[in-house]
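**Student:** To start, I am sharing the structure in question, which I have written as structure tokens.
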Amino acid sequence: MTYQISATKLQTYNRCPYAYYLRYERKLVSNDCFGSPALGTALHQALAQCHRDWHYQNPLPDIHWVHHCWRQHSAGLTASQVMEGMEILEKYYWRFIAHEVALTQPLAVEGKIQGRLHVENLEFIIVGRYDRIDFLSGGLELIDYKSSREVKLPDTSEMDIQIGLYYLALEQTYHRSLKYLSLLFLRTGEKVRFQATPAHRKQVQQMISHLAIRLRHDRGWEPTPGKQCDRCAFSRYCPAVTTSPTPVPETNSKPQLQLALNL
Ligand code: SF4
């Protein structure tokens, strides 16, 4: 029996097992809304092309290469988004490319990563995606482009989970350790590096072990109140914050794991 796990799922579990249970086991839909990702998607695609398709026999592209990549991916945007994206990419070029001696070819660009972990008779499939992986002398650097307007760093605990999961998956895929997970904020040109260590991997392995026990026995999904409750989409079902919680609706997605395991 396989069970898919991602940084987003494990972060939800870490914040509150009950919210995790409602979202991923009972498959209740949350009311989270997302803004239009069009500009961000186009920026990611243009940067992927910029680093993936450059002819690396020539040391350094000039600014026209960035303009060319942007033209390939900005067709569906409004005129103001096209201008905005061009300015962002030009800033990126002058900050991260123009002053290098040569552009270093990444190990991988814009892809999915997968790892496996066996716990409690369960096989967890770790899934994630990356924007770029660079090869450094002492390990790998995973780079995540951020196109948000503000430079907002995730909570340390959420970052640690992400680092630990990528550490596990990259080690299996490339047989190299993750050295840094870096957030690159495209609008400001800031790059924030987080050092990865085996302790991150260990922490995530322990967390997945606890999750496996809950999944196996389908119990222990206690609410864990905290500051996250203010933004929780499931508070009306939650006995920890609501005096008369709404009964959890029946869905077609009851926990299935016990049926699949030889218990
Ligand atoms: S309201 Fe708080 S305690 Fe209740 S499910 Fe949501 S996060 Fe958990």
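We name chains A, B, ... following the order of the structure tokens; residues begin at 1 in each chain, and ligands are numbered from 1 as shown.
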Do you have, as a tab-separated table, the list of residues of chain A lying at most 8 Å from ligand 1, each with its nearest atom pair and that distance in Å to one decimal, counting only C-alpha atoms and all ligand atoms and ordered by chain then number?
**Tutor:**
```
residue	atom	partner	partner_atom_place_in_ligand_line	distance
A:Arg15	CA	ligand 1	7 (S)	6.7
A:Cys16	CA	ligand 1	8 (Fe)	4.7
A:Pro17	CA	ligand 1	8 (Fe)	6.9
A:Tyr18	CA	ligand 1	5 (S)	5.0
A:Ala19	CA	ligand 1	5 (S)	4.2
A:Tyr20	CA	ligand 1	5 (S)	7.9
A:Leu22	CA	ligand 1	5 (S)	7.9
A:Glu222	CA	ligand 1	3 (S)	7.9
A:Pro223	CA	ligand 1	3 (S)	4.1
A:Thr224	CA	ligand 1	3 (S)	4.3
A:Pro225	CA	ligand 1	3 (S)	3.7
A:Gly226	CA	ligand 1	2 (Fe)	6.0
A:Lys227	CA	ligand 1	2 (Fe)	7.7
A:Gln228	CA	ligand 1	7 (S)	5.4
A:Cys229	CA	ligand 1	2 (Fe)	3.7
A:Asp230	CA	ligand 1	1 (S)	7.2
A:Arg231	CA	ligand 1	7 (S)	7.8
A:Cys232	CA	ligand 1	6 (Fe)	4.6
A:Ala233	CA	ligand 1	6 (Fe)	6.8
A:Phe234	CA	ligand 1	6 (Fe)	5.3
A:Ser235	CA	ligand 1	1 (S)	4.0
A:Arg236	CA	ligand 1	1 (S)	7.5
A:Tyr237	CA	ligand 1	5 (S)	7.4
A:Cys238	CA	ligand 1	4 (Fe)	4.5
A:Pro239	CA	ligand 1	4 (Fe)	6.9
A:Ala240	CA	ligand 1	3 (S)	5.6
A:Val241	CA	ligand 1	1 (S)	5.8
```
**Student:** Write out the residues from the selection above, keeping C-alpha atoms, as a PDB file, in the first residue's frame.
**Tutor:**
```pdb
ATOM      1  CA  ARG A  15       0.107  22.129  12.564  1.00  0.00           C
ATOM      2  CA  CYS A  16      -2.876  19.985  13.535  1.00  0.00           C
ATOM      3  CA  PRO A  17      -3.601  16.253  12.999  1.00  0.00           C
ATOM      4  CA  TYR A  18      -7.363  16.875  13.020  1.00  0.00           C
ATOM      5  CA  ALA A  19      -7.157  19.456  10.234  1.00  0.00           C
ATOM      6  CA  TYR A  20      -5.002  16.961   8.333  1.00  0.00           C
ATOM      7  CA  LEU A  22     -10.438  16.362   7.601  1.00  0.00           C
ATOM      8  CA  GLU A 222      -6.763  15.105  17.963  1.00  0.00           C
ATOM      9  CA  PRO A 223      -7.282  18.817  17.313  1.00  0.00           C
ATOM     10  CA  THR A 224      -4.220  20.836  18.267  1.00  0.00           C
ATOM     11  CA  PRO A 225      -5.352  24.433  18.815  1.00  0.00           C
ATOM     12  CA  GLY A 226      -2.912  27.232  18.144  1.00  0.00           C
ATOM     13  CA  LYS A 227      -2.461  30.415  16.163  1.00  0.00           C
ATOM     14  CA  GLN A 228      -3.271  28.464  12.977  1.00  0.00           C
ATOM     15  CA  CYS A 229      -6.924  28.152  14.128  1.00  0.00           C
ATOM     16  CA  ASP A 230      -7.652  31.757  13.025  1.00  0.00           C
ATOM     17  CA  ARG A 231      -7.212  30.742   9.395  1.00  0.00           C
ATOM     18  CA  CYS A 232      -8.431  27.156   9.630  1.00  0.00           C
ATOM     19  CA  ALA A 233     -11.095  26.281   7.056  1.00  0.00           C
ATOM     20  CA  PHE A 234     -12.405  23.468   9.261  1.00  0.00           C
ATOM     21  CA  SER A 235     -13.034  25.355  12.504  1.00  0.00           C
ATOM     22  CA  ARG A 236     -16.800  24.819  12.301  1.00  0.00           C
ATOM     23  CA  TYR A 237     -16.230  21.059  12.602  1.00  0.00           C
ATOM     24  CA  CYS A 238     -13.701  21.390  15.375  1.00  0.00           C
ATOM     25  CA  PRO A 239     -14.667  20.655  19.010  1.00  0.00           C
ATOM     26  CA  ALA A 240     -11.549  22.448  20.265  1.00  0.00           C
ATOM     27  CA  VAL A 241     -12.684  25.889  19.084  1.00  0.00           C
TER      28      VAL A 241
END
```
**Student:** Give me the residues near stretch 65-82 of chain A as a PyMOL selection string, where near means some atom within 7 Å (using only C-alpha atoms) and where sequence neighbours in that chain fewer than 3 positions away do not count.
**Tutor:** chain A and resi 39+42+45-46+49-50+61-62+85-86+89
**Student:** Tell me which of A:Tyr21, A:Phe124, A:Tyr93, A:Tyr180 sits closest to A:Gln162, counting only C-alpha atoms.
**Tutor:**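 The closest residue to A:Gln162 is A:Tyr180.
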**Student:** Pick out the residues sitting within 12 Å of A:Lys152, and hand them over as a ChimeraX atom specification; count only C-alpha atoms, and ignore anything fewer than 2 positions along from it in its own chain.
**Tutor:** /A:146-150,154-156,183-185,188,190-192
**Student:** Using only C-alpha atoms, pick whichever of A:Glu100, A:Asp144, A:Glu110, A:Glu25 has the shortest atom-to-atom distance to A:Leu186.
**Tutor:**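 Smallest distance to A:Leu186 is found for A:Asp144.
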**Student:** Among stretch 54-191 of chain A, which ones does DSSP assign to alpha helix (DSSP H) (computed from the backbone)? Answer as a VMD selection string.
**Tutor:** chain A and resid 63 to 73 79 to 92 156 to 174
**Student:** Using only C-alpha atoms, which of A:Gln57, A:Met83, A:Glu120, A:Arg132 sits nearest A:Pro106?
**Tutor:**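 When distances to A:Pro106 are compared using only C-alpha atoms, the smallest one comes from A:Arg132.
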**Student:** So how many Å separate atom CA of A:Leu142 and atom CA of A:Leu181, to one decimal?
**Tutor:**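 Between atom CA of A:Leu142 and atom CA of A:Leu181 the gap works out to 4.9 Å.
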**Student:** Work out how far apart atom CA of A:Gly138 and atom CA of A:Ser182 are and give it in Å to one decimal.
**Tutor:**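 Computing it gives 15.2 Å between the two atoms.
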**Student:** Residues of stretch 111-153 of chain A classed as strand (DSSP E) by DSSP on the backbone are to be reported as an MDAnalysis selection string.
**Tutor:** chainID A and resid 111:119 122:136 139:146
**Student:** Take the residues from that selection and write them out as a CSV table (one decimal), in the first residue's frame, keeping N, CA and C atoms.
**Tutor:**
```csv
chain,number,residue,atom,x,y,z
A,111,GLY,N,11.3,20.5,-12.4
A,111,GLY,CA,10.9,19.1,-12.5
A,111,GLY,C,10.3,18.6,-11.2
A,112,LYS,N,9.9,17.4,-11.2
A,112,LYS,CA,9.3,16.7,-10.1
A,112,LYS,C,10.3,15.8,-9.4
A,113,ILE,N,10.1,15.7,-8.1
A,113,ILE,CA,11.0,14.8,-7.4
A,113,ILE,C,10.2,13.8,-6.6
A,114,GLN,N,10.8,12.6,-6.5
A,114,GLN,CA,10.0,11.5,-5.8
A,114,GLN,C,11.0,10.7,-5.0
A,115,GLY,N,10.6,10.4,-3.8
A,115,GLY,CA,11.4,9.5,-2.9
A,115,GLY,C,10.4,8.5,-2.3
A,116,ARG,N,11.0,7.5,-1.6
A,116,ARG,CA,10.2,6.5,-0.9
A,116,ARG,C,10.6,6.3,0.5
A,117,LEU,N,9.7,6.0,1.4
A,117,LEU,CA,10.0,5.7,2.7
A,117,LEU,C,9.1,4.6,3.2
A,118,HIS,N,9.7,3.6,3.8
A,118,HIS,CA,8.8,2.5,4.4
A,118,HIS,C,8.7,2.6,5.9
A,119,VAL,N,7.5,2.7,6.3
A,119,VAL,CA,7.2,2.8,7.8
A,119,VAL,C,6.0,2.1,8.1
A,122,LEU,N,3.9,0.5,5.6
A,122,LEU,CA,3.3,1.4,4.6
A,122,LEU,C,4.5,1.9,3.7
A,123,GLU,N,4.2,2.2,2.5
A,123,GLU,CA,5.2,2.8,1.6
A,123,GLU,C,4.8,4.2,1.3
A,124,PHE,N,5.5,5.2,1.9
A,124,PHE,CA,5.2,6.6,1.6
A,124,PHE,C,5.9,7.0,0.3
A,125,ILE,N,5.2,7.6,-0.6
A,125,ILE,CA,5.8,8.2,-1.8
A,125,ILE,C,5.9,9.7,-1.5
A,126,ILE,N,7.2,10.2,-1.4
A,126,ILE,CA,7.4,11.6,-1.2
A,126,ILE,C,7.4,12.3,-2.6
A,127,VAL,N,6.5,13.3,-2.7
A,127,VAL,CA,6.5,14.0,-4.0
A,127,VAL,C,6.7,15.5,-3.7
A,128,GLY,N,7.4,16.1,-4.7
A,128,GLY,CA,7.6,17.5,-4.6
A,128,GLY,C,8.1,18.0,-6.0
A,129,ARG,N,8.2,19.3,-6.1
A,129,ARG,CA,8.7,19.9,-7.3
A,129,ARG,C,9.8,20.9,-7.0
A,130,TYR,N,10.6,21.2,-8.0
A,130,TYR,CA,11.7,22.2,-7.8
A,130,TYR,C,11.7,23.1,-9.0
A,131,ASP,N,12.3,24.2,-8.8
A,131,ASP,CA,12.5,25.2,-9.9
A,131,ASP,C,13.9,24.9,-10.5
A,132,ARG,N,14.9,24.7,-9.7
A,132,ARG,CA,16.2,24.5,-10.2
A,132,ARG,C,17.0,23.7,-9.1
A,133,ILE,N,17.9,22.8,-9.6
A,133,ILE,CA,18.9,22.2,-8.6
A,133,ILE,C,20.3,22.5,-9.2
A,134,ASP,N,21.1,23.1,-8.4
A,134,ASP,CA,22.5,23.4,-8.7
A,134,ASP,C,23.4,22.4,-8.0
A,135,PHE,N,24.5,22.1,-8.7
A,135,PHE,CA,25.4,21.2,-8.1
A,135,PHE,C,26.5,22.0,-7.5
A,136,LEU,N,26.8,21.9,-6.2
A,136,LEU,CA,27.8,22.6,-5.5
A,136,LEU,C,28.9,21.6,-5.0
A,139,GLY,N,27.6,19.4,-2.0
A,139,GLY,CA,26.2,18.9,-2.1
A,139,GLY,C,25.3,19.6,-3.1
A,140,LEU,N,24.0,19.6,-2.9
A,140,LEU,CA,23.1,20.2,-3.9
A,140,LEU,C,22.4,21.4,-3.3
A,141,GLU,N,22.1,22.3,-4.2
A,141,GLU,CA,21.3,23.5,-3.8
A,141,GLU,C,20.0,23.5,-4.5
A,142,LEU,N,18.9,23.4,-3.8
A,142,LEU,CA,17.6,23.5,-4.4
A,142,LEU,C,17.1,24.9,-4.4
A,143,ILE,N,16.7,25.4,-5.6
A,143,ILE,CA,16.3,26.9,-5.6
A,143,ILE,C,14.8,26.9,-6.0
A,144,ASP,N,14.1,27.7,-5.2
A,144,ASP,CA,12.7,27.9,-5.3
A,144,ASP,C,12.4,29.4,-5.6
A,145,TYR,N,12.0,29.7,-6.9
A,145,TYR,CA,11.7,31.1,-7.2
A,145,TYR,C,10.4,31.5,-6.6
A,146,LYS,N,10.4,32.7,-6.1
A,146,LYS,CA,9.2,33.3,-5.5
A,146,LYS,C,8.8,34.5,-6.2
```
